[in-house]
Every structure is written in C-alpha cells, then in structure tokens.
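**Student:** This is query.cif, which holds mmCIF, C-alpha atoms:
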data_coords
loop_
_atom_site.group_PDB
_atom_site.id
_atom_site.type_symbol
_atom_site.label_atom_id
_atom_site.label_comp_id
_atom_site.auth_asym_id
_atom_site.auth_seq_id
_atom_site.Cartn_x
_atom_site.Cartn_y
_atom_site.Cartn_z
ATOM 1 C CA MET N 1 68.247 78.043 80.213
ATOM 2 C CA ARG N 2 66.328 81.319 79.875
ATOM 3 C CA ILE N 3 69.171 83.708 80.730
ATOM 4 C CA THR N 4 71.901 84.465 78.210
ATOM 5 C CA LEU N 5 75.287 86.114 78.668
ATOM 6 C CA ARG N 6 74.277 88.745 76.118
ATOM 7 C CA GLN N 7 71.284 89.699 78.262
ATOM 8 C CA LEU N 8 73.515 90.039 81.307
ATOM 9 C CA GLN N 9 76.001 92.119 79.304
ATOM 10 C CA ILE N 10 73.239 94.516 78.277
ATOM 11 C CA PHE N 11 71.876 94.610 81.849
ATOM 12 C CA LEU N 12 75.322 95.693 83.106
ATOM 13 C CA ALA N 13 75.667 98.272 80.351
ATOM 14 C CA VAL N 14 72.269 99.768 81.218
ATOM 15 C CA ALA N 15 73.170 99.770 84.932
ATOM 16 C CA GLN N 16 76.347 101.712 84.156
ATOM 17 C CA SER N 17 74.889 104.155 81.628
ATOM 18 C CA GLY N 18 71.286 104.620 82.772
ATOM 19 C CA SER N 19 69.697 104.085 79.357
ATOM 20 C CA THR N 20 69.265 101.426 76.687
ATOM 21 C CA THR N 21 70.456 103.893 74.041
ATOM 22 C CA ALA N 22 73.860 104.380 75.686
ATOM 23 C CA ALA N 23 74.037 100.679 76.547
ATOM 24 C CA ALA N 24 73.391 99.726 72.927
ATOM 25 C CA GLU N 25 76.302 101.894 71.805
ATOM 26 C CA ALA N 26 78.562 100.297 74.430
ATOM 27 C CA VAL N 27 77.840 96.749 73.241
ATOM 28 C CA ALA N 28 77.512 97.549 69.502
ATOM 29 C CA LEU N 29 73.797 96.747 69.167
ATOM 30 C CA SER N 30 70.804 98.709 67.985
ATOM 31 C CA GLN N 31 68.698 100.412 70.652
ATOM 32 C CA SER N 32 65.731 98.186 69.826
ATOM 33 C CA ALA N 33 67.844 95.026 70.209
ATOM 34 C CA ALA N 34 69.189 96.204 73.555
ATOM 35 C CA SER N 35 65.692 97.035 74.803
ATOM 36 C CA ALA N 36 64.396 93.671 73.624
ATOM 37 C CA ALA N 37 67.207 91.815 75.396
ATOM 38 C CA LEU N 38 66.550 93.686 78.651
ATOM 39 C CA ASN N 39 62.818 92.975 78.370
ATOM 40 C CA GLU N 40 63.565 89.287 77.764
ATOM 41 C CA LEU N 41 65.805 89.178 80.848
ATOM 42 C CA GLU N 42 63.186 90.834 83.051
ATOM 43 C CA GLY N 43 60.499 88.571 81.562
ATOM 44 C CA GLY N 44 62.572 85.449 82.140
ATOM 45 C CA LEU N 45 63.176 86.418 85.763
ATOM 46 C CA ASN N 46 59.618 87.728 86.174
ATOM 47 C CA VAL N 47 60.864 90.895 87.908
ATOM 48 C CA GLN N 48 61.600 94.510 87.077
ATOM 49 C CA LEU N 49 65.307 95.291 87.421
ATOM 50 C CA PHE N 50 65.098 99.057 86.953
ATOM 51 C CA ASP N 51 62.864 101.905 88.051
ATOM 52 C CA ARG N 52 61.982 104.295 85.253
ATOM 53 C CA VAL N 53 62.806 107.808 86.475
ATOM 54 C CA GLY N 54 62.079 110.208 83.634
ATOM 55 C CA LYS N 55 64.242 109.024 80.751
ATOM 56 C CA ARG N 56 66.706 107.219 83.040
ATOM 57 C CA LEU N 57 66.732 103.602 84.155
ATOM 58 C CA VAL N 58 67.812 103.318 87.803
ATOM 59 C CA LEU N 59 68.621 99.995 89.474
ATOM 60 C CA ASN N 60 66.011 98.885 91.987
ATOM 61 C CA ASP N 61 66.434 96.261 94.745
ATOM 62 C CA ASN N 62 66.113 93.397 92.243
ATOM 63 C CA GLY N 63 68.712 94.969 89.969
ATOM 64 C CA ARG N 64 71.133 95.572 92.821
ATOM 65 C CA LEU N 65 70.769 91.920 93.826
ATOM 66 C CA LEU N 66 71.549 90.737 90.298
ATOM 67 C CA LEU N 67 74.425 93.175 89.654
ATOM 68 C CA PRO N 68 77.333 91.343 91.402
ATOM 69 C CA GLN N 69 76.124 87.981 90.101
ATOM 70 C CA ALA N 70 76.011 89.301 86.531
ATOM 71 C CA GLN N 71 79.498 90.808 86.911
ATOM 72 C CA HIS N 72 80.808 87.466 88.175
ATOM 73 C CA MET N 73 79.175 85.507 85.333
ATOM 74 C CA LEU N 74 80.530 87.766 82.603
ATOM 75 C CA ASP N 75 83.987 87.809 84.147
ATOM 76 C CA ALA N 76 83.977 84.012 84.267
ATOM 77 C CA ALA N 77 82.952 83.847 80.612
ATOM 78 C CA HIS N 78 85.725 86.278 79.653
ATOM 79 C CA THR N 79 88.210 84.206 81.651
ATOM 80 C CA ILE N 80 87.167 81.050 79.783
ATOM 81 C CA GLU N 81 87.809 82.824 76.490
ATOM 82 C CA GLN N 82 91.197 84.175 77.555
ATOM 83 C CA GLN N 83 92.668 81.849 80.172
ATOM 84 C CA PHE N 84 94.453 79.488 77.801
ATOM 85 C CA LEU N 85 96.245 82.234 75.882
ATOM 86 C CA ALA N 86 99.924 82.455 76.781
ATOM 87 C CA PRO N 87 101.300 85.933 77.571
ATOM 88 C CA ASP N 88 103.084 86.106 74.208
ATOM 89 C CA GLN N 89 100.143 84.826 72.160
ATOM 90 C CA ALA N 90 98.233 87.207 69.890
ATOM 91 C CA GLY N 91 94.975 88.356 71.464
ATOM 92 C CA ALA N 92 96.148 88.044 75.072
ATOM 93 C CA GLU N 93 95.324 91.050 77.216
ATOM 94 C CA LEU N 94 95.255 92.088 80.858
ATOM 95 C CA HIS N 95 93.620 94.962 82.685
ATOM 96 C CA ILE N 96 95.725 96.049 85.675
ATOM 97 C CA GLY N 97 94.824 98.570 88.354
ATOM 98 C CA ALA N 98 97.250 100.635 90.411
ATOM 99 C CA SER N 99 96.849 103.279 93.058
ATOM 100 C CA THR N 100 98.268 106.667 92.169
ATOM 101 C CA THR N 101 101.868 106.519 93.399
ATOM 102 C CA ILE N 102 102.486 103.022 92.063
ATOM 103 C CA GLY N 103 100.684 103.778 88.817
ATOM 104 C CA SER N 104 102.659 106.954 88.195
ATOM 105 C CA TYR N 105 106.142 105.982 89.372
ATOM 106 C CA MET N 106 106.472 102.189 89.189
ATOM 107 C CA LEU N 107 103.886 100.549 86.929
ATOM 108 C CA PRO N 108 105.105 102.037 83.596
ATOM 109 C CA ALA N 109 108.633 100.667 84.096
ATOM 110 C CA MET N 110 107.333 97.256 85.205
ATOM 111 C CA VAL N 111 104.921 96.866 82.301
ATOM 112 C CA ALA N 112 107.571 98.013 79.803
ATOM 113 C CA ALA N 113 110.071 95.481 81.175
ATOM 114 C CA TYR N 114 107.512 92.669 81.061
ATOM 115 C CA ARG N 115 106.376 93.468 77.530
ATOM 116 C CA ARG N 116 109.955 93.340 76.246
ATOM 117 C CA ASP N 117 109.686 89.564 76.752
ATOM 118 C CA HIS N 118 105.973 89.369 75.863
ATOM 119 C CA PRO N 119 105.406 91.973 73.114
ATOM 120 C CA GLN N 120 102.060 90.485 72.041
ATOM 121 C CA LEU N 121 100.449 91.106 75.444
ATOM 122 C CA ARG N 122 98.121 94.109 75.518
ATOM 123 C CA VAL N 123 97.989 95.783 78.927
ATOM 124 C CA ARG N 124 95.387 98.330 79.964
ATOM 125 C CA ALA N 125 96.068 100.250 83.170
ATOM 126 C CA LEU N 126 93.584 101.949 85.476
ATOM 127 C CA VAL N 127 95.242 104.438 87.853
ATOM 128 C CA ALA N 128 93.186 105.957 90.698
ATOM 129 C CA ASN N 129 93.257 106.285 94.464
ATOM 130 C CA THR N 130 93.311 103.123 96.553
ATOM 131 C CA ALA N 131 89.610 103.136 97.417
ATOM 132 C CA ASP N 132 88.602 103.343 93.743
ATOM 133 C CA ILE N 133 91.087 100.647 92.695
ATOM 134 C CA VAL N 134 89.819 98.234 95.376
ATOM 135 C CA ALA N 135 86.267 98.885 94.133
ATOM 136 C CA ALA N 136 87.416 98.075 90.584
ATOM 137 C CA VAL N 137 88.886 94.775 91.822
ATOM 138 C CA SER N 138 85.653 93.941 93.667
ATOM 139 C CA ASN N 139 83.590 94.715 90.551
ATOM 140 C CA PHE N 140 85.808 92.633 88.200
ATOM 141 C CA GLU N 141 86.785 95.785 86.307
ATOM 142 C CA VAL N 142 90.494 94.906 86.547
ATOM 143 C CA ASP N 143 92.217 91.513 86.646
ATOM 144 C CA ALA N 144 94.478 92.448 89.566
ATOM 145 C CA ALA N 145 95.902 95.574 91.152
ATOM 146 C CA LEU N 146 98.779 97.044 93.112
ATOM 147 C CA ILE N 147 97.773 99.370 95.945
ATOM 148 C CA GLU N 148 99.587 101.503 98.486
ATOM 149 C CA GLY N 149 97.076 101.438 101.316
ATOM 150 C CA PRO N 150 95.194 98.906 103.445
ATOM 151 C CA CYS N 151 92.358 97.013 101.785
ATOM 152 C CA HIS N 152 89.177 96.429 103.770
ATOM 153 C CA ALA N 153 87.033 94.699 101.126
ATOM 154 C CA GLY N 154 85.855 91.218 102.071
ATOM 155 C CA ASP N 155 85.869 89.768 98.541
ATOM 156 C CA VAL N 156 89.490 90.685 97.760
ATOM 157 C CA LEU N 157 92.617 88.584 98.288
ATOM 158 C CA VAL N 158 95.442 90.738 99.685
ATOM 159 C CA GLU N 159 99.124 89.809 99.370
ATOM 160 C CA PRO N 160 101.966 91.938 100.801
ATOM 161 C CA TRP N 161 104.035 93.019 97.810
ATOM 162 C CA MET N 162 106.834 95.372 98.870
ATOM 163 C CA THR N 163 107.754 98.041 101.395
ATOM 164 C CA ASP N 164 108.226 101.725 100.664
ATOM 165 C CA GLU N 165 110.053 104.407 102.653
ATOM 166 C CA LEU N 166 108.242 107.640 103.490
ATOM 167 C CA ILE N 167 110.257 110.791 104.190
ATOM 168 C CA VAL N 168 109.361 114.320 105.325
ATOM 169 C CA VAL N 169 110.433 116.982 102.830
ATOM 170 C CA ALA N 170 110.381 120.753 102.487
ATOM 171 C CA ALA N 171 111.678 123.474 100.213
ATOM 172 C CA PRO N 172 115.221 124.611 101.115
ATOM 173 C CA THR N 173 113.757 128.042 101.936
ATOM 174 C CA HIS N 174 111.116 126.703 104.335
ATOM 175 C CA PRO N 175 111.640 127.877 107.960
ATOM 176 C CA LEU N 176 111.873 124.273 109.208
ATOM 177 C CA ALA N 177 114.758 123.556 106.812
ATOM 178 C CA ALA N 178 117.015 125.796 108.911
ATOM 179 C CA GLN N 179 116.282 123.841 112.085
ATOM 180 C CA GLY N 180 118.539 120.938 111.132
ATOM 181 C CA LYS N 181 118.727 118.339 113.893
ATOM 182 C CA LYS N 182 117.047 120.774 116.302
ATOM 183 C CA LEU N 183 113.712 120.137 114.625
ATOM 184 C CA THR N 184 111.210 118.928 117.239
ATOM 185 C CA LEU N 185 107.972 116.953 117.098
ATOM 186 C CA LYS N 186 106.159 120.016 118.425
ATOM 187 C CA LYS N 187 107.313 122.138 115.499
ATOM 188 C CA LEU N 188 106.310 119.385 113.065
ATOM 189 C CA SER N 189 102.853 119.174 114.615
ATOM 190 C CA GLU N 190 102.418 122.945 114.195
ATOM 191 C CA ALA N 191 103.564 123.037 110.563
ATOM 192 C CA ASP N 192 101.320 123.377 107.509
ATOM 193 C CA TRP N 193 101.072 119.944 105.894
ATOM 194 C CA LEU N 194 100.273 119.215 102.273
ATOM 195 C CA LEU N 195 98.277 115.981 102.101
ATOM 196 C CA ARG N 196 96.546 113.642 99.665
ATOM 197 C CA GLU N 197 92.770 113.475 99.558
ATOM 198 C CA THR N 198 90.707 111.240 101.836
ATOM 199 C CA GLY N 199 90.496 107.727 100.324
ATOM 200 C CA SER N 200 94.088 107.813 99.140
ATOM 201 C CA GLY N 201 96.393 105.026 100.284
ATOM 202 C CA THR N 202 99.176 107.587 100.723
ATOM 203 C CA ARG N 203 96.954 109.728 102.988
ATOM 204 C CA GLU N 204 96.053 106.734 105.137
ATOM 205 C CA ALA N 205 99.678 105.556 105.315
ATOM 206 C CA VAL N 206 100.953 109.031 106.252
ATOM 207 C CA GLU N 207 98.370 109.419 108.983
ATOM 208 C CA HIS N 208 99.128 105.927 110.284
ATOM 209 C CA ALA N 209 102.864 106.703 110.358
ATOM 210 C CA LEU N 210 102.758 110.235 111.779
ATOM 211 C CA LEU N 211 99.750 110.559 114.072
ATOM 212 C CA PRO N 212 101.206 108.324 116.843
ATOM 213 C CA TYR N 213 104.009 110.914 117.159
ATOM 214 C CA LEU N 214 102.401 114.206 116.139
ATOM 215 C CA HIS N 215 98.775 113.535 117.237
ATOM 216 C CA HIS N 216 97.555 116.150 114.758
ATOM 217 C CA LEU N 217 98.307 116.985 111.111
ATOM 218 C CA PRO N 218 97.195 120.522 110.247
ATOM 219 C CA SER N 219 96.252 120.372 106.567
ATOM 220 C CA ALA N 220 97.144 123.524 104.655
ATOM 221 C CA CYS N 221 96.021 122.032 101.369
ATOM 222 C CA GLU N 222 94.897 118.699 99.891
ATOM 223 C CA PHE N 223 95.820 117.419 96.420
ATOM 224 C CA GLY N 224 94.616 114.561 94.260
ATOM 225 C CA ASN N 225 98.085 113.198 93.461
ATOM 226 C CA SER N 226 101.595 113.065 94.889
ATOM 227 C CA GLU N 227 103.117 114.945 91.949
ATOM 228 C CA ALA N 228 101.069 118.030 92.804
ATOM 229 C CA ILE N 229 102.035 117.740 96.471
ATOM 230 C CA LYS N 230 105.776 117.603 95.801
ATOM 231 C CA ARG N 231 105.586 120.559 93.403
ATOM 232 C CA ALA N 232 103.614 122.587 95.942
ATOM 233 C CA THR N 233 106.110 121.617 98.646
ATOM 234 C CA ALA N 234 108.977 122.805 96.439
ATOM 235 C CA GLU N 235 107.176 126.137 96.114
ATOM 236 C CA GLY N 236 107.217 126.518 99.911
ATOM 237 C CA MET N 237 103.490 126.052 100.522
ATOM 238 C CA GLY N 238 104.129 123.622 103.370
ATOM 239 C CA ILE N 239 105.844 120.368 104.228
ATOM 240 C CA SER N 240 104.850 116.877 103.151
ATOM 241 C CA CYS N 241 105.489 113.207 103.786
ATOM 242 C CA LEU N 242 105.934 111.284 100.548
ATOM 243 C CA SER N 243 107.558 108.191 99.127
ATOM 244 C CA ARG N 244 111.293 108.602 98.582
ATOM 245 C CA ALA N 245 110.706 107.289 95.045
ATOM 246 C CA VAL N 246 108.264 110.131 94.343
ATOM 247 C CA VAL N 247 110.583 112.967 95.420
ATOM 248 C CA LYS N 248 113.867 111.492 94.206
ATOM 249 C CA ASP N 249 114.166 113.870 91.243
ATOM 250 C CA LEU N 250 113.544 117.051 93.240
ATOM 251 C CA LEU N 251 115.896 115.909 96.015
ATOM 252 C CA GLU N 252 118.645 115.397 93.438
ATOM 253 C CA SER N 253 118.009 118.797 91.849
ATOM 254 C CA GLY N 254 117.999 120.532 95.238
ATOM 255 C CA ARG N 255 114.447 121.845 94.968
ATOM 256 C CA LEU N 256 113.487 119.728 97.984
ATOM 257 C CA ILE N 257 115.411 118.639 101.057
ATOM 258 C CA GLU N 258 114.756 115.799 103.472
ATOM 259 C CA LEU N 259 114.078 117.187 106.940
ATOM 260 C CA ALA N 260 116.136 115.764 109.820
ATOM 261 C CA THR N 261 113.151 114.857 111.975
ATOM 262 C CA PRO N 262 113.239 112.994 115.311
ATOM 263 C CA LEU N 263 110.815 110.484 113.799
ATOM 264 C CA PRO N 264 111.834 106.837 113.326
ATOM 265 C CA VAL N 265 112.228 105.425 109.813
ATOM 266 C CA LEU N 266 108.752 105.533 108.285
ATOM 267 C CA ARG N 267 107.732 102.593 106.124
ATOM 268 C CA ARG N 268 104.502 101.436 104.552
ATOM 269 C CA HIS N 269 103.440 98.298 102.748
ATOM 270 C CA PHE N 270 102.310 98.004 99.152
ATOM 271 C CA TYR N 271 99.909 95.175 98.332
ATOM 272 C CA LEU N 272 98.953 92.997 95.381
ATOM 273 C CA VAL N 273 95.193 92.395 95.293
ATOM 274 C CA ARG N 274 92.729 90.439 93.198
ATOM 275 C CA ASN N 275 89.145 89.290 93.482
ATOM 276 C CA LYS N 276 88.913 86.001 95.374
ATOM 277 C CA HIS N 277 86.399 84.697 92.812
ATOM 278 C CA ARG N 278 88.630 85.339 89.801
ATOM 279 C CA VAL N 279 90.272 82.318 88.182
ATOM 280 C CA LEU N 280 93.970 82.883 87.466
ATOM 281 C CA SER N 281 94.747 82.693 83.760
ATOM 282 C CA LEU N 282 98.187 81.701 82.520
ATOM 283 C CA ARG N 283 99.027 85.265 81.505
ATOM 284 C CA LEU N 284 97.802 86.799 84.770
ATOM 285 C CA ALA N 285 99.757 84.289 86.848
ATOM 286 C CA SER N 286 102.846 85.072 84.772
ATOM 287 C CA LEU N 287 102.504 88.840 85.211
ATOM 288 C CA LEU N 288 101.876 88.586 88.961
ATOM 289 C CA GLU N 289 104.970 86.427 89.374
ATOM 290 C CA PHE N 290 106.945 89.055 87.462
ATOM 291 C CA PHE N 291 105.641 91.758 89.834
ATOM 292 C CA ARG N 292 106.752 89.660 92.838
ATOM 293 C CA ASP N 293 110.234 89.149 91.385
ATOM 294 C CA TRP N 294 110.504 92.864 90.528
ATOM 295 C CA ALA N 295 109.688 93.842 94.117
ATOM 296 C CA LEU N 296 112.152 91.291 95.519
ATOM 297 C CA GLN N 297 114.978 92.554 93.322
ATOM 298 C CA ARG N 298 114.186 96.160 94.248
ATOM 299 C CA GLU N 299 114.268 95.474 97.991
ATOM 300 C CA GLN N 300 117.437 93.395 97.765
ATOM 301 C CA GLY N 301 119.192 95.919 95.535
#
Can the structure from this file be put into structure tokens for me?
**Tutor:**
Amino acid sequence: MRITLRQLQIFLAVAQSGSTTAAAEAVALSQSAASAALNELEGGLNVQLFDRVGKRLVLNDNGRLLLPQAQHMLDAAHTIEQQFLAPDQAGAELHIGASTTIGSYMLPAMVAAYRRDHPQLRVRALVANTADIVAAVSNFEVDAALIEGPCHAGDVLVEPWMTDELIVVAAPTHPLAAQGKKLTLKKLSEADWLLRETGSGTREAVEHALLPYLHHLPSACEFGNSEAIKRATAEGMGISCLSRAVVKDLLESGRLIELATPLPVLRRHFYLVRNKHRVLSLRLASLLEFFRDWALQREQG
C-alpha cells in the first residue's frame, strides 16, 4: 500500500495550517520531513492536492475530495488505539463538544461527577455555538457532543437528550415588569429583544418558540453567549428569552424577574450527537450512558 497514515496526518495538518512549516510543528516533524511526506502522498496518488498561492498551500478540488476520507481514516486509526481502554484506565481520553449554554452551565458538573468514578479519564471540551459544534462532529474533531439546537447535518446521528424550559425575563426596573398579568403579545412584539447570534442553537430555539406568537422579534442587540445576554438584560437594555437554568442565579438575587407573559410554556430539546461513521469505544459508550442517566434524573427530579 502506497499511502500511509503519517502522510494523511501531514496532509490534514497542511490543510488546516496552510503551510508545511506549521504542519511540521503540529505533528512534531522537521519541515523537510513534512514536505517529503506530502510529496510522497501526491506522487503516490499522481495528483496535486494543493494550489500554491504565494507562500500558502490551498486545497484544490483533489484535496477537498481527499479531506473527509483522510479525516475518517485517521479517526478510525485513533479509535483502534483507544477503543479497548476502559474509562478508568490510564491513557483513556475523550474529546466532547457542547454548544454554549450546555457547555457553560451543565457540562462542567456532569464531567466532574463522571470523573469522580473514573479519575484516570482525560476529558477535553470544545464549547462553541451549535453550528460550529455540529461541524466539529462531522469533521471527527470531537467524539460526541451535546447541542441545544436542531442538527441538519446528514452524517450525524441525533438522539433527543433532554428538554429545557425557556422563560422571558427583564430587569425589575424595565417598563414591561410593571405590566404584570396585563402584559400583551403586542407589547412583547414591540419590545427591544436581546438575542444570541445567528447560528446559535438558543437563537434558533427562541425564534422557533416565539415567532408563531409574536411574528417579529426586534433585535436591540446580539451577543455571542447567554451570560452576556442575561447581564445586559439585568442592566435594563431590553428583554430576553433564556433557559431557566441560565438565569437562575439572577432570578434568586432579584436582579431579573420572570415576566408574566400570555405565552404558553416554552420548551426546547437538547440533543446528543455523534458522527454516524464513528465506532463507539468502551469509554465513549460509558460516558454517553452517564449523560442519558443524568438527563433522566434531572427531568424526574
């Protein structure tokens, strides 16, 4: 066989960095060895995988065709190396993704609880918006992920994980706070809303929950995370619709209040996702089962 895993590893590193020098540093090789490996790969395939644009190497059509296949091959090789390690065995590791709300408010407690029983397991967490986390799952950059918005990728297995309650909140000094039960849908639709950025699972869930009733959400400001939104809401910049888990602390301190809206109870689904081509290792199966049990206990309690 003319293709080696090392050649594919260097190909991926060059694709990500744009140069053999940076790729060599990423895989702990000399620049000459990395260049030689890439040349051997292109020679073995009898194609050019990159266009040379100045000092940068940019994937061409051949390279883009090889990219997902190389990612799959290297992931499979890594799985072979790791799949027989038990969660509490030295050297076992997992790379978990989570969209922002889950990653900030739920994942730390879950991982800490799991590692109390499996202290040898090393967990790396990638926290980003839903769109970026789904892309990481598709590209084998994480073993599995927990997301708070719909997933539209065709190569990803999606499993409903738990439900989350969304509530509309405002600062106690906000004009709508004085409305009480007289608050109308019309007044909500005219309010200044503080929203997450496009691509966020929270943004998509909020729009899905509110637009059937309000038809329009005037955005006063957009933020890259829910923490910033709740702080801005507490400062009176506008109103927001966030997970009850996110605003629990400011509700208890009185810096935010839940508005008595005429809306029905607003719920959204959280999902557990993984690449359909990924083989489940013992440790990954164990962690995913723990996540399922954690969600079940939370919803029952």
**Student:** Of the candidates N:Asn129, N:Thr21, N:Ser253, N:Gln48, which shows the shortest atom-to-atom distance to Leu65 (chain N), using only C-alpha atoms?
**Tutor:** N:Gln48
**Student:** Skipping near chain neighbours, those fewer than 6 positions away, what residues fall within 10 Å of Arg52 (chain N) using only C-alpha atoms, listed as a list in words?
**Tutor:**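 Once the adjacent positions are removed, what remains is Gly18, Ser19, Val58, Leu59 and Asn60 of chain N.
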**Student:** Can you pull out every residue within 10 Å of Pro175 (chain N), counting only C-alpha atoms, but drop anything in the same chain fewer than 5 positions away, and send it as a PyMOL selection string?
**Tutor:** chain N and resi 170+191+236+238
**Student:** Determine the nearest neighbour of Ala112 (chain N) from the options N:Val169, N:Asp132, N:Glu222, N:Phe290, counting all atoms listed in the file.
**Tutor:**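 That would be N:Phe290, the residue with the smallest distance to Ala112 (chain N).
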**Student:** Take CA of Leu45 (chain N) and CA of Phe11 (chain N) and report the distance between them in Å, one decimal.
**Tutor:**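 Between these atoms lies a distance of 12.6 Å.
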**Student:** What is the distance between CA of Ala13 (chain N) and CA of Leu38 (chain N), in Å to one decimal?
**Tutor:** 10.3 Å
**Student:** Would you please work out which residue, of N:Gly43, N:Gly149, N:Pro264, N:Pro172, is nearest to Thr100 (chain N) when using only C-alpha atoms?
**Tutor:**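 Looking at the shortest contact to Thr100 (chain N), the residue is N:Gly149.
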